[in-house]
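Engineer: One file: structure20.txt (compact mmCIF, C-alpha atoms).
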```
# COMPACT_ATOMS: atom_id res chain seq x y z
CA MET K 1 47.32 -63.46 -42.64
CA THR K 2 43.81 -64.19 -43.67
CA ASP K 3 42.70 -63.23 -40.16
CA GLU K 4 44.28 -59.77 -40.56
CA ASN K 5 42.47 -59.20 -43.86
CA LYS K 6 39.13 -60.22 -42.27
CA SER K 7 39.60 -57.90 -39.25
CA GLN K 8 40.50 -54.96 -41.48
CA SER K 9 37.49 -55.46 -43.73
CA SER K 10 35.01 -55.84 -40.80
CA ILE K 11 35.71 -52.43 -39.20
CA ASP K 12 32.62 -50.24 -39.29
CA GLU K 13 33.61 -46.77 -40.33
CA THR K 14 30.18 -45.13 -40.41
CA PRO K 15 30.03 -41.86 -38.45
CA ILE K 16 28.34 -41.87 -35.05
CA SER K 17 26.23 -38.80 -35.73
CA PRO K 18 24.53 -38.35 -39.05
CA ILE K 19 26.21 -35.89 -41.33
CA ARG K 20 23.79 -33.31 -42.67
CA GLN K 21 24.32 -30.70 -45.21
CA SER K 22 24.27 -27.16 -43.85
CA ASN K 23 21.15 -26.41 -45.88
CA GLU K 24 19.20 -29.17 -44.10
CA ARG K 25 20.26 -27.81 -40.71
CA ARG K 26 19.22 -24.29 -41.66
CA ASN K 27 15.85 -25.57 -42.82
CA SER K 28 15.30 -27.41 -39.54
CA LEU K 29 16.07 -24.22 -37.59
CA GLU K 30 13.62 -22.26 -39.70
CA GLN K 31 11.00 -24.95 -39.17
CA HIS K 32 11.47 -24.85 -35.39
CA LEU K 33 11.26 -21.06 -35.39
CA ARG K 34 7.97 -21.21 -37.32
CA GLN K 35 6.56 -23.60 -34.71
CA ARG K 36 7.58 -21.36 -31.81
CA PRO K 37 4.54 -20.13 -29.82
CA ASP K 38 3.48 -16.49 -29.95
CA ARG K 39 4.49 -14.08 -27.20
CA SER K 40 0.87 -13.80 -26.03
CA GLU K 41 0.70 -17.58 -25.54
CA LEU K 42 3.92 -17.52 -23.51
CA VAL K 43 2.53 -14.69 -21.37
CA GLU K 44 -0.68 -16.69 -20.74
CA LYS K 45 1.42 -19.65 -19.56
CA ASN K 46 3.47 -17.33 -17.29
CA ILE K 47 6.66 -18.14 -19.16
CA LEU K 48 7.21 -14.51 -20.12
CA PRO K 49 6.20 -11.51 -18.02
CA ALA K 50 3.22 -9.50 -19.25
CA SER K 51 5.28 -6.34 -19.01
CA THR K 52 6.60 -4.63 -22.09
CA ALA K 53 9.15 -2.70 -20.01
CA ALA K 54 12.84 -3.25 -20.47
CA PRO K 55 14.18 -6.25 -18.54
CA SER K 56 16.29 -3.97 -16.36
CA LEU K 57 13.10 -2.20 -15.21
CA GLN K 58 10.83 -5.21 -14.74
CA GLU K 59 11.97 -5.93 -11.17
CA LYS K 60 11.28 -2.33 -10.15
CA GLN K 61 7.90 -2.56 -11.87
CA LYS K 62 7.00 -5.70 -9.85
CA GLU K 63 8.05 -3.96 -6.65
CA LEU K 64 5.95 -0.90 -7.49
CA GLU K 65 2.89 -3.08 -8.23
CA LYS K 66 3.36 -4.85 -4.90
CA HIS K 67 3.48 -1.55 -3.02
CA MET K 68 0.43 -0.28 -4.90
CA ARG K 69 -1.53 -3.41 -3.87
CA ALA K 70 -0.46 -2.93 -0.26
CA ASP K 71 -1.56 0.72 -0.35
CA SER K 72 -4.91 -0.24 -1.86
CA LEU K 73 -5.52 -2.88 0.81
CA ASN K 74 -4.51 -0.50 3.60
CA GLU K 75 -6.95 2.09 2.22
CA LYS K 76 -9.78 -0.45 2.21
CA ILE K 77 -8.92 -1.65 5.73
CA SER K 78 -8.94 1.92 7.02
CA HIS K 79 -12.60 2.27 5.93
CA ARG K 80 -13.65 -0.99 7.54
CA PRO K 81 -16.24 -0.53 10.31
CA PRO K 82 -15.17 -1.35 13.88
CA PRO K 83 -16.23 -4.69 15.39
CA GLU K 84 -18.66 -2.97 17.81
CA LYS K 85 -20.68 -1.58 14.89
CA LEU K 86 -20.73 -5.00 13.19
CA ILE K 87 -22.00 -6.58 16.42
CA GLU K 88 -24.77 -3.95 16.60
CA GLU K 89 -25.77 -4.70 13.00
CA GLY K 90 -25.78 -8.46 13.69
CA VAL K 91 -22.94 -9.22 11.26
CA LEU K 92 -20.66 -10.42 14.07
CA HIS K 93 -21.62 -12.19 17.27
CA GLU K 94 -20.05 -11.16 20.53
CA ASP K 95 -17.47 -13.59 21.89
CA PRO K 96 -18.41 -14.63 25.45
CA ARG K 97 -14.74 -15.16 26.38
CA SER K 98 -12.73 -12.51 28.14
CA PRO K 99 -9.93 -10.74 26.23
CA GLU K 100 -7.36 -12.61 28.33
CA GLU K 101 -8.87 -15.99 27.38
CA ARG K 102 -8.93 -15.07 23.68
CA TYR K 103 -5.32 -13.89 23.89
CA GLU K 104 -4.13 -17.09 25.57
CA GLU K 105 -5.96 -19.23 23.01
CA ALA K 106 -4.44 -17.24 20.15
CA ILE K 107 -0.96 -17.71 21.65
CA GLU K 108 -1.52 -21.47 22.01
CA GLU K 109 -2.69 -21.71 18.39
CA GLU K 110 0.36 -19.80 17.21
CA TYR K 111 2.72 -22.10 19.14
CA ALA K 112 0.91 -25.13 17.73
CA LYS K 113 1.33 -23.80 14.16
CA ARG K 114 5.04 -23.21 14.72
CA GLU K 115 5.54 -26.65 16.21
CA GLY K 116 3.56 -28.25 13.38
CA GLY K 117 0.72 -29.44 15.59
CA ALA K 118 -2.18 -27.49 14.16
```
Could you spell out this file's structure in structure tokens?

Structural biologist:
Amino acid sequence: MTDENKSQSSIDETPISPIRQSNERRNSLEQHLRQRPDRSELVEKNILPASTAAPSLQEKQKELEKHMRADSLNEKISHRPPPEKLIEEGVLHEDPRSPEERYEEAIEEEYAKREGGA
């Protein structure tokens, strides 16, 4: 019987997780909220989008920006001088290879890229 008394008195009944009062928990939440970074800091780190549009519109806004960039680049490309003029001005040097040779080399390079060789 003395063994039963010893086993009953040696049981650890402390809780696994610490018990906090609700006030302490509320204070810890307030403390974490005060330490939260500003929106501008989150935008700089690309965690939040820079847009102030509604979330339902942000995807459309990204798509519109992408199309606007494409239009801008196409406009700039359309005003680019032809290679013949650049050769005349000395910006480009004429390639001594024939168009067929350049084409075949470009095809070989493309195959090498796709096969992982280049």

Engineer: Work out how far CA of Pro83 (chain K) is from CA of Asp95 (chain K), in Å to one decimal.

Structural biologist: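 Distance reported for this atom pair: 11.1 Å.
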
Engineer: Using all atoms listed in the file, determine which residues lie at most 10 Å from region 37-52 of chain K, disregarding the query and same-chain residues fewer than 6 positions distant; provide the list as a list of chain:residue names.

Structural biologist: K:Gln58, K:Gln61, K:Lys62

Engineer: Record the distance separating CA of Gly116 (chain K) and CA of Tyr103 (chain K), expressed in Å with one decimal.

Structural biologist: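 Value for the CA of Gly116 (chain K)-CA of Tyr103 (chain K) distance: 19.9 Å.
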
Engineer: Within 12 Å of Glu84 (chain K), counting all atoms listed in the file, which residues show up once you throw out same-chain ones fewer than 4 positions away? Write them as a PyMOL selection string, please.

Structural biologist: chain K and resi 80+88-95

Engineer: What is the distance between CA of Ser56 (chain K) and CA of Ser72 (chain K), in Å to one decimal?

Structural biologist: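 According to the coordinates, CA of Ser56 (chain K) and CA of Ser72 (chain K) are separated by 26.0 Å.
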